[in-house]
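A short write-up of the structure that comes next.
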Amino acid sequence: MVRLSGKMKNVGKGFYGLFGPPPQGVIRFTVGEPDFDTPDPIKMAAITSLVKGDTHYIDSDGRLSLREAIAAKLKAENGIAADAKEVIVTIGGKEAIFDAVLALTDVGDEVIIPSPAWPSYDAMVAIAGGRPMPVKVRPDNYHPDIEAIKSAVSKRTKAIILNSPNNPTGAVFDRGEFKAIADLAIDHDFVVISDEIYEYMVYGGRKHVSIATLPDMRDRTVTVNGFSKAYAMTGWRIGYMHATGDLIGSMKLVHMHATTCAVSFGYDAALVGLKECRPHVDRMVKEYDRRRTMVRDGLNSIPGFKCPEPEGAFYAFVNVSALGMPTRDLAKHLFKEANVMIIPGADFTFGEGYMRFSYATAYDKCEEGIERIKKAVPKLKK
Ligand code: PLP
């Protein structure tokens with residue numbers, strides 16, 4: 001037996017079987033990635049890069065042309081006064097979050113995570129030797145419970161990880177909530193890691209807010225974003241982050257020693273995405289919105305299912321506690337009876353009693369899946 005790091009005991013089992021093509025006949029509400037293909041202009045730019053021989057290591061922080069375009073985007077769209085020197089291009093937004101956690105966390109340090117949350121946050125903090133501190137969100141609308149966050153802050157709090165629009169709940173936090181969390185971060189001297197990977201997917205007139213734009217937050221925020229969700233580029237593995245001073249300096253070291261640089265022939269492609277492909281993004285977001293209202297109404301018509309307004313991202317988080325059964329058993333029943341796959345809330349901290357539905361699946365498939373569930377639920381043994 002090899003002697004593994006004791007930290008691995010706290011990392012959980014991971015999520016396998018979520019990616020790749022679905023088994024035949026199965027309708028999958030589990031996938032957290034766009035069902036759209038990457039827009040053609042982005043693909044063509046990558047092909048040109050490959051043909052040109054853009055296949056070598058590049059600057060660790062990322063090629064300047066893309067970092068400048070990202071800084072300009074952060075300024076124009078998010079209101080963050082960003083400089084290209086403060087931007088790192090990473091292997092997906094995931095690496096950016098991990099770099100931040102590693103740069104900030106000493107063994108025993110605490111990182112607050114409003115939960116249910118994307119499970120990788122807990123795992124990253126545990127791998128870094130820190131203590132994930134899950135804080136339950138409000139059960140009615142899945143927004144952060146500011147009083148509960150306040151109570152979780154301690155001398156060992158190094159950071160909080162915020163994700164709005166949210167995976168798995170679909171919540172979009174408002175400016176007042178960000179302000180309350182910013183005040184806590186300033187008063188207690190901790191950093192906000194703001195995962196904004198779903199920023200364009202906000203519905204019903206809601207507005208995405210970047211916490212780095214609030215007073216005194218620029219220098220204590222790591223803003224994380226990427227191309228995976230917005231541009232349907234999950235397999236390309238291109239993300240980025242913005243921070244200032246020693247914070248970005250330390251994350252540059254983590255990034256350099258872990259990865260050297262992001263994929264060279266993805267750079268010009270990502271640049272084309274930023275500069276030319278917003279209409280493609282808007283088209284995809286419009287389609288998610290169309291599915292969202294159908295999925296919400298369809299799920300709410302199933303006895304025992306209660307689906308609060310999905311405000312953003314492409315997830316509906318449905319309260320199924322009225323059915324009175326463990327959600328892993330419910331997911332198994334629906335897979336067997338209805339050939340649909342759904343993530344049970346039990347897979348998320350504080351998620352038992354809920355199910356996560358991704359509507360990044362074609363409209364007619366979502367519709368058929370809901371019909372199948374409607375027929376399968378009455379067959380549950382009481
Ligand atoms: N953050 C959240 C909340 C996510 O759901 C995901 C992917 O599922 C990521 C970050 C990672 O995205 P990327 O593909 O850019 O690494």
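Residues in the structure tokens are numbered from 1 in each chain, the chains being A, B, ... in the order shown, and ligands are numbered from 1 in the order shown.
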
Return as a PyMOL selection string every polymer residue, whether protein, DNA or RNA, with at least one atom no more than 10 Å from an atom of ligand 1; count only C-alpha atoms and all ligand atoms. chain A and resi 31-33+90-98+117-121+162-168+194-198+224-230+232-240+313-315

Could you please take those selected residues and save N, CA and C atoms as a compact mmCIF listing (two decimals), in the first residue's frame?
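Listing of out-v7.txt after writing:
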# COMPACT_ATOMS: atom_id res chain seq x y z
N VAL A 31 -25.85 17.04 -17.29
CA VAL A 31 -24.65 17.67 -17.81
C VAL A 31 -24.56 19.18 -17.53
N GLY A 32 -23.39 19.60 -17.12
CA GLY A 32 -23.18 21.02 -16.83
C GLY A 32 -22.42 21.70 -17.96
N GLU A 33 -22.77 21.35 -19.19
CA GLU A 33 -22.08 22.02 -20.30
C GLU A 33 -23.05 22.27 -21.44
N THR A 90 -5.76 30.75 -17.89
CA THR A 90 -5.58 29.48 -17.17
C THR A 90 -6.23 28.31 -17.94
N ILE A 91 -5.98 27.12 -17.42
CA ILE A 91 -6.57 25.91 -18.04
C ILE A 91 -8.00 25.80 -17.50
N GLY A 92 -8.89 26.57 -18.07
CA GLY A 92 -10.27 26.61 -17.57
C GLY A 92 -10.38 27.50 -16.34
N GLY A 93 -11.62 27.90 -16.06
CA GLY A 93 -11.88 28.66 -14.83
C GLY A 93 -11.52 27.82 -13.62
N LYS A 94 -11.62 26.51 -13.77
CA LYS A 94 -11.35 25.61 -12.65
C LYS A 94 -9.93 25.79 -12.12
N GLU A 95 -8.97 25.86 -13.05
CA GLU A 95 -7.59 26.05 -12.59
C GLU A 95 -7.44 27.38 -11.87
N ALA A 96 -8.13 28.40 -12.38
CA ALA A 96 -8.01 29.73 -11.75
C ALA A 96 -8.47 29.66 -10.29
N ILE A 97 -9.59 28.97 -10.04
CA ILE A 97 -10.10 28.88 -8.66
C ILE A 97 -9.11 28.10 -7.79
N PHE A 98 -8.58 27.03 -8.37
CA PHE A 98 -7.64 26.20 -7.61
C PHE A 98 -6.36 26.99 -7.30
N ALA A 117 -23.19 23.99 -3.29
CA ALA A 117 -22.24 24.65 -4.18
C ALA A 117 -21.66 23.62 -5.14
N TRP A 118 -20.96 24.11 -6.13
CA TRP A 118 -20.23 23.22 -7.05
C TRP A 118 -19.24 22.40 -6.21
N PRO A 119 -19.30 21.06 -6.26
CA PRO A 119 -18.52 20.23 -5.32
C PRO A 119 -17.01 20.43 -5.40
N SER A 120 -16.50 20.94 -6.53
CA SER A 120 -15.04 21.10 -6.64
C SER A 120 -14.50 22.12 -5.63
N TYR A 121 -15.33 23.07 -5.18
CA TYR A 121 -14.82 24.05 -4.21
C TYR A 121 -14.36 23.36 -2.92
N LEU A 162 -17.67 32.76 -3.95
CA LEU A 162 -19.02 33.12 -4.39
C LEU A 162 -19.20 32.70 -5.84
N ASN A 163 -20.39 32.26 -6.16
CA ASN A 163 -20.67 31.83 -7.53
C ASN A 163 -22.06 32.31 -7.92
N SER A 164 -22.07 33.38 -8.68
CA SER A 164 -23.33 33.96 -9.16
C SER A 164 -23.13 34.38 -10.60
N PRO A 165 -24.02 33.92 -11.50
CA PRO A 165 -25.09 32.94 -11.38
C PRO A 165 -24.55 31.59 -10.89
N ASN A 166 -25.44 30.87 -10.19
CA ASN A 166 -24.95 29.75 -9.38
C ASN A 166 -25.21 28.37 -9.98
N ASN A 167 -24.21 27.54 -9.84
CA ASN A 167 -24.34 26.10 -10.03
C ASN A 167 -24.24 25.51 -8.62
N PRO A 168 -25.20 24.81 -8.10
CA PRO A 168 -26.32 24.13 -8.76
C PRO A 168 -27.67 24.85 -8.66
N SER A 194 -14.47 35.16 -6.73
CA SER A 194 -15.77 35.35 -7.36
C SER A 194 -15.81 34.59 -8.68
N ASP A 195 -16.51 33.47 -8.68
CA ASP A 195 -16.59 32.60 -9.85
C ASP A 195 -17.75 33.08 -10.72
N GLU A 196 -17.43 33.74 -11.83
CA GLU A 196 -18.45 34.39 -12.67
C GLU A 196 -18.62 33.69 -14.02
N ILE A 197 -18.36 32.38 -14.00
CA ILE A 197 -18.30 31.60 -15.24
C ILE A 197 -19.65 31.60 -16.00
N TYR A 198 -20.77 31.81 -15.28
CA TYR A 198 -22.09 31.82 -15.94
C TYR A 198 -22.62 33.24 -16.13
N VAL A 224 -12.96 35.31 -11.42
CA VAL A 224 -12.69 34.13 -12.27
C VAL A 224 -13.74 34.06 -13.37
N ASN A 225 -13.29 33.78 -14.58
CA ASN A 225 -14.23 33.60 -15.68
C ASN A 225 -13.57 32.68 -16.71
N GLY A 226 -14.23 32.47 -17.84
CA GLY A 226 -13.64 31.58 -18.83
C GLY A 226 -14.53 31.46 -20.05
N PHE A 227 -14.11 30.63 -20.97
CA PHE A 227 -14.80 30.51 -22.26
C PHE A 227 -15.73 29.30 -22.32
N SER A 228 -15.61 28.39 -21.35
CA SER A 228 -16.32 27.10 -21.43
C SER A 228 -17.82 27.25 -21.62
N LYS A 229 -18.46 28.00 -20.73
CA LYS A 229 -19.93 28.03 -20.72
C LYS A 229 -20.44 29.06 -21.72
N ALA A 230 -19.85 30.26 -21.72
CA ALA A 230 -20.37 31.33 -22.58
C ALA A 230 -20.23 30.98 -24.05
N ALA A 232 -19.47 27.93 -25.37
CA ALA A 232 -19.58 26.50 -25.64
C ALA A 232 -18.20 25.92 -25.98
N MET A 233 -17.25 26.13 -25.08
CA MET A 233 -15.85 25.71 -25.31
C MET A 233 -15.33 24.88 -24.14
N THR A 234 -16.18 23.99 -23.61
CA THR A 234 -15.76 23.27 -22.39
C THR A 234 -14.50 22.43 -22.61
N GLY A 235 -14.40 21.82 -23.80
CA GLY A 235 -13.25 20.94 -24.04
C GLY A 235 -11.95 21.68 -24.34
N TRP A 236 -12.04 22.97 -24.58
CA TRP A 236 -10.85 23.73 -24.96
C TRP A 236 -9.96 24.04 -23.76
N ARG A 237 -10.58 24.13 -22.61
CA ARG A 237 -9.91 24.40 -21.35
C ARG A 237 -9.20 25.76 -21.35
N ILE A 238 -9.98 26.81 -21.54
CA ILE A 238 -9.42 28.17 -21.47
C ILE A 238 -10.26 29.01 -20.50
N GLY A 239 -9.61 29.48 -19.47
CA GLY A 239 -10.27 30.36 -18.51
C GLY A 239 -9.33 31.50 -18.17
N TYR A 240 -9.74 32.33 -17.23
CA TYR A 240 -8.85 33.42 -16.83
C TYR A 240 -9.26 33.97 -15.47
N ALA A 313 -27.63 30.90 -14.89
CA ALA A 313 -26.90 29.68 -15.32
C ALA A 313 -27.85 28.81 -16.17
N PHE A 314 -27.67 27.48 -16.15
CA PHE A 314 -28.68 26.65 -16.84
C PHE A 314 -29.12 25.49 -15.96
N TYR A 315 -29.43 25.86 -14.69
CA TYR A 315 -29.85 24.85 -13.73
C TYR A 315 -31.15 25.24 -13.04

Distance criterion (only C-alpha atoms): nearest to A:Gly249 out of A:Met44, A:Gln24, A:Lys85, A:Gly351: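 Smallest distance to A:Gly249 is found for A:Lys85.
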
Who sits within 9 Å of stretch 334-342 of chain A, only C-alpha atoms, same chain under 3 positions skipped, as a VMD selection string: chain A and resid 25 to 31 329 to 331 355 to 358 369 to 370 372 to 373 375 to 377 379

Given the selection you just returned, output its residues as a file containing N, CA and C atoms, formatted as a PDB file, in the first residue's frame.
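Ended up saving to out-v9.pdb:
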ATOM      1  N   GLY A  25     -31.032   6.228 -25.530  1.00  0.00           N
ATOM      2  CA  GLY A  25     -32.410   6.368 -25.047  1.00  0.00           C
ATOM      3  C   GLY A  25     -32.544   7.149 -23.748  1.00  0.00           C
ATOM      4  N   VAL A  26     -31.424   7.480 -23.155  1.00  0.00           N
ATOM      5  CA  VAL A  26     -31.480   8.172 -21.861  1.00  0.00           C
ATOM      6  C   VAL A  26     -31.554   9.682 -22.081  1.00  0.00           C
ATOM      7  N   ILE A  27     -32.421  10.339 -21.323  1.00  0.00           N
ATOM      8  CA  ILE A  27     -32.437  11.809 -21.356  1.00  0.00           C
ATOM      9  C   ILE A  27     -31.681  12.283 -20.130  1.00  0.00           C
ATOM     10  N   ARG A  28     -30.701  13.129 -20.410  1.00  0.00           N
ATOM     11  CA  ARG A  28     -29.752  13.463 -19.350  1.00  0.00           C
ATOM     12  C   ARG A  28     -29.927  14.919 -18.916  1.00  0.00           C
ATOM     13  N   PHE A  29     -30.401  15.079 -17.671  1.00  0.00           N
ATOM     14  CA  PHE A  29     -30.492  16.427 -17.088  1.00  0.00           C
ATOM     15  C   PHE A  29     -29.263  16.692 -16.210  1.00  0.00           C
ATOM     16  N   THR A  30     -28.228  15.872 -16.380  1.00  0.00           N
ATOM     17  CA  THR A  30     -27.088  15.959 -15.456  1.00  0.00           C
ATOM     18  C   THR A  30     -25.952  16.838 -15.966  1.00  0.00           C
ATOM     19  N   VAL A  31     -25.852  17.039 -17.286  1.00  0.00           N
ATOM     20  CA  VAL A  31     -24.646  17.673 -17.814  1.00  0.00           C
ATOM     21  C   VAL A  31     -24.563  19.176 -17.528  1.00  0.00           C
ATOM     22  N   ASP A 329     -32.111   7.689  -3.955  1.00  0.00           N
ATOM     23  CA  ASP A 329     -33.085   6.640  -4.312  1.00  0.00           C
ATOM     24  C   ASP A 329     -34.041   7.165  -5.381  1.00  0.00           C
ATOM     25  N   LEU A 330     -34.437   8.419  -5.247  1.00  0.00           N
ATOM     26  CA  LEU A 330     -35.345   9.013  -6.239  1.00  0.00           C
ATOM     27  C   LEU A 330     -34.665   9.049  -7.613  1.00  0.00           C
ATOM     28  N   ALA A 331     -33.385   9.458  -7.635  1.00  0.00           N
ATOM     29  CA  ALA A 331     -32.655   9.511  -8.911  1.00  0.00           C
ATOM     30  C   ALA A 331     -32.572   8.113  -9.529  1.00  0.00           C
ATOM     31  N   MET A 355     -33.221  18.268  -6.161  1.00  0.00           N
ATOM     32  CA  MET A 355     -32.598  17.620  -7.327  1.00  0.00           C
ATOM     33  C   MET A 355     -32.132  18.715  -8.275  1.00  0.00           C
ATOM     34  N   ARG A 356     -30.935  18.527  -8.878  1.00  0.00           N
ATOM     35  CA  ARG A 356     -30.465  19.528  -9.842  1.00  0.00           C
ATOM     36  C   ARG A 356     -30.759  19.074 -11.266  1.00  0.00           C
ATOM     37  N   PHE A 357     -31.511  19.914 -11.979  1.00  0.00           N
ATOM     38  CA  PHE A 357     -31.807  19.667 -13.400  1.00  0.00           C
ATOM     39  C   PHE A 357     -31.009  20.650 -14.235  1.00  0.00           C
ATOM     40  N   SER A 358     -30.192  20.147 -15.146  1.00  0.00           N
ATOM     41  CA  SER A 358     -29.541  21.039 -16.110  1.00  0.00           C
ATOM     42  C   SER A 358     -30.415  21.099 -17.358  1.00  0.00           C
ATOM     43  N   GLY A 369     -38.365  14.480 -21.281  1.00  0.00           N
ATOM     44  CA  GLY A 369     -37.861  13.999 -19.983  1.00  0.00           C
ATOM     45  C   GLY A 369     -38.840  14.328 -18.870  1.00  0.00           C
ATOM     46  N   ILE A 370     -39.397  15.525 -18.906  1.00  0.00           N
ATOM     47  CA  ILE A 370     -40.340  15.934 -17.852  1.00  0.00           C
ATOM     48  C   ILE A 370     -41.617  15.088 -17.936  1.00  0.00           C
ATOM     49  N   ARG A 372     -41.792  12.056 -18.994  1.00  0.00           N
ATOM     50  CA  ARG A 372     -41.459  10.722 -18.464  1.00  0.00           C
ATOM     51  C   ARG A 372     -41.448  10.733 -16.937  1.00  0.00           C
ATOM     52  N   ILE A 373     -40.903  11.809 -16.371  1.00  0.00           N
ATOM     53  CA  ILE A 373     -40.828  11.899 -14.902  1.00  0.00           C
ATOM     54  C   ILE A 373     -42.238  11.964 -14.322  1.00  0.00           C
ATOM     55  N   LYS A 375     -44.855  10.646 -15.371  1.00  0.00           N
ATOM     56  CA  LYS A 375     -45.484   9.317 -15.340  1.00  0.00           C
ATOM     57  C   LYS A 375     -44.823   8.411 -14.289  1.00  0.00           C
ATOM     58  N   ALA A 376     -43.537   8.636 -14.034  1.00  0.00           N
ATOM     59  CA  ALA A 376     -42.793   7.735 -13.145  1.00  0.00           C
ATOM     60  C   ALA A 376     -43.013   8.055 -11.665  1.00  0.00           C
ATOM     61  N   VAL A 377     -43.277   9.329 -11.357  1.00  0.00           N
ATOM     62  CA  VAL A 377     -43.381   9.701  -9.928  1.00  0.00           C
ATOM     63  C   VAL A 377     -44.530   8.991  -9.222  1.00  0.00           C
ATOM     64  N   LYS A 379     -45.518   6.148  -9.518  1.00  0.00           N
ATOM     65  CA  LYS A 379     -45.197   4.728  -9.290  1.00  0.00           C
ATOM     66  C   LYS A 379     -44.244   4.531  -8.107  1.00  0.00           C
TER      67      LYS A 379
END

Give me the residues within 12 Å of A:Lys73 as a count of residues only, counting only C-alpha atoms and dropping any in the same chain fewer than 6 places off. 18

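Nearest residue to A:Arg220, choosing from A:Val202, A:Ala159, A:Met8, A:Leu323 and counting only C-alpha atoms: A:Ala159.
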
If I take atom CA of A:Ile112 and atom CA of A:Asp216, how far is one from the other in Å, to one decimal?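 Going from atom CA of A:Ile112 over to atom CA of A:Asp216 covers 20.0 Å.
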
Which residue out of A:Ala171, A:Met124, A:Ile88, A:Val263 has the minimum interatomic distance to A:Ile58 when only C-alpha atoms are used?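 Answer, going by the shortest atom-to-atom distance: A:Val263.
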
Using only C-alpha atoms, determine which residues lie at most 8 Å from A:Asp219, disregarding the query and same-chain residues fewer than 3 positions distant; provide the list as an MDAnalysis selection string. chainID A and resid 212 216 243:245

Would you save the residues of that selection, restricted to all heavy atoms, as a short mmCIF file (atom, residue, chain, number, x, y, z; two decimals), in the first residue's frame?
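Contents of the output file out_23.cif:
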data_model
loop_
_atom_site.label_atom_id
_atom_site.label_comp_id
_atom_site.auth_asym_id
_atom_site.auth_seq_id
_atom_site.Cartn_x
_atom_site.Cartn_y
_atom_site.Cartn_z
N ALA A 212 -15.89 42.76 -7.45
CA ALA A 212 -14.65 43.55 -7.49
C ALA A 212 -14.91 45.03 -7.74
O ALA A 212 -14.05 45.88 -7.49
CB ALA A 212 -13.71 43.01 -8.57
N ASP A 216 -13.49 49.42 -2.38
CA ASP A 216 -12.39 48.73 -1.69
C ASP A 216 -12.32 47.22 -1.95
O ASP A 216 -11.66 46.50 -1.19
CB ASP A 216 -12.45 48.99 -0.16
CG ASP A 216 -12.35 50.46 0.15
OD1 ASP A 216 -11.57 51.15 -0.54
OD2 ASP A 216 -13.08 50.92 1.04
N ALA A 243 -6.79 39.68 -10.60
CA ALA A 243 -6.59 40.13 -9.22
C ALA A 243 -5.42 41.11 -9.25
O ALA A 243 -4.84 41.35 -10.32
CB ALA A 243 -6.30 38.94 -8.29
N THR A 244 -5.08 41.66 -8.10
CA THR A 244 -4.03 42.69 -8.11
C THR A 244 -2.89 42.31 -7.14
O THR A 244 -3.02 41.36 -6.36
CB THR A 244 -4.60 44.05 -7.67
OG1 THR A 244 -5.03 43.93 -6.32
CG2 THR A 244 -5.75 44.50 -8.55
N GLY A 245 -1.79 43.06 -7.22
CA GLY A 245 -0.71 43.01 -6.23
C GLY A 245 -0.11 41.63 -5.99
O GLY A 245 0.06 40.83 -6.91
#
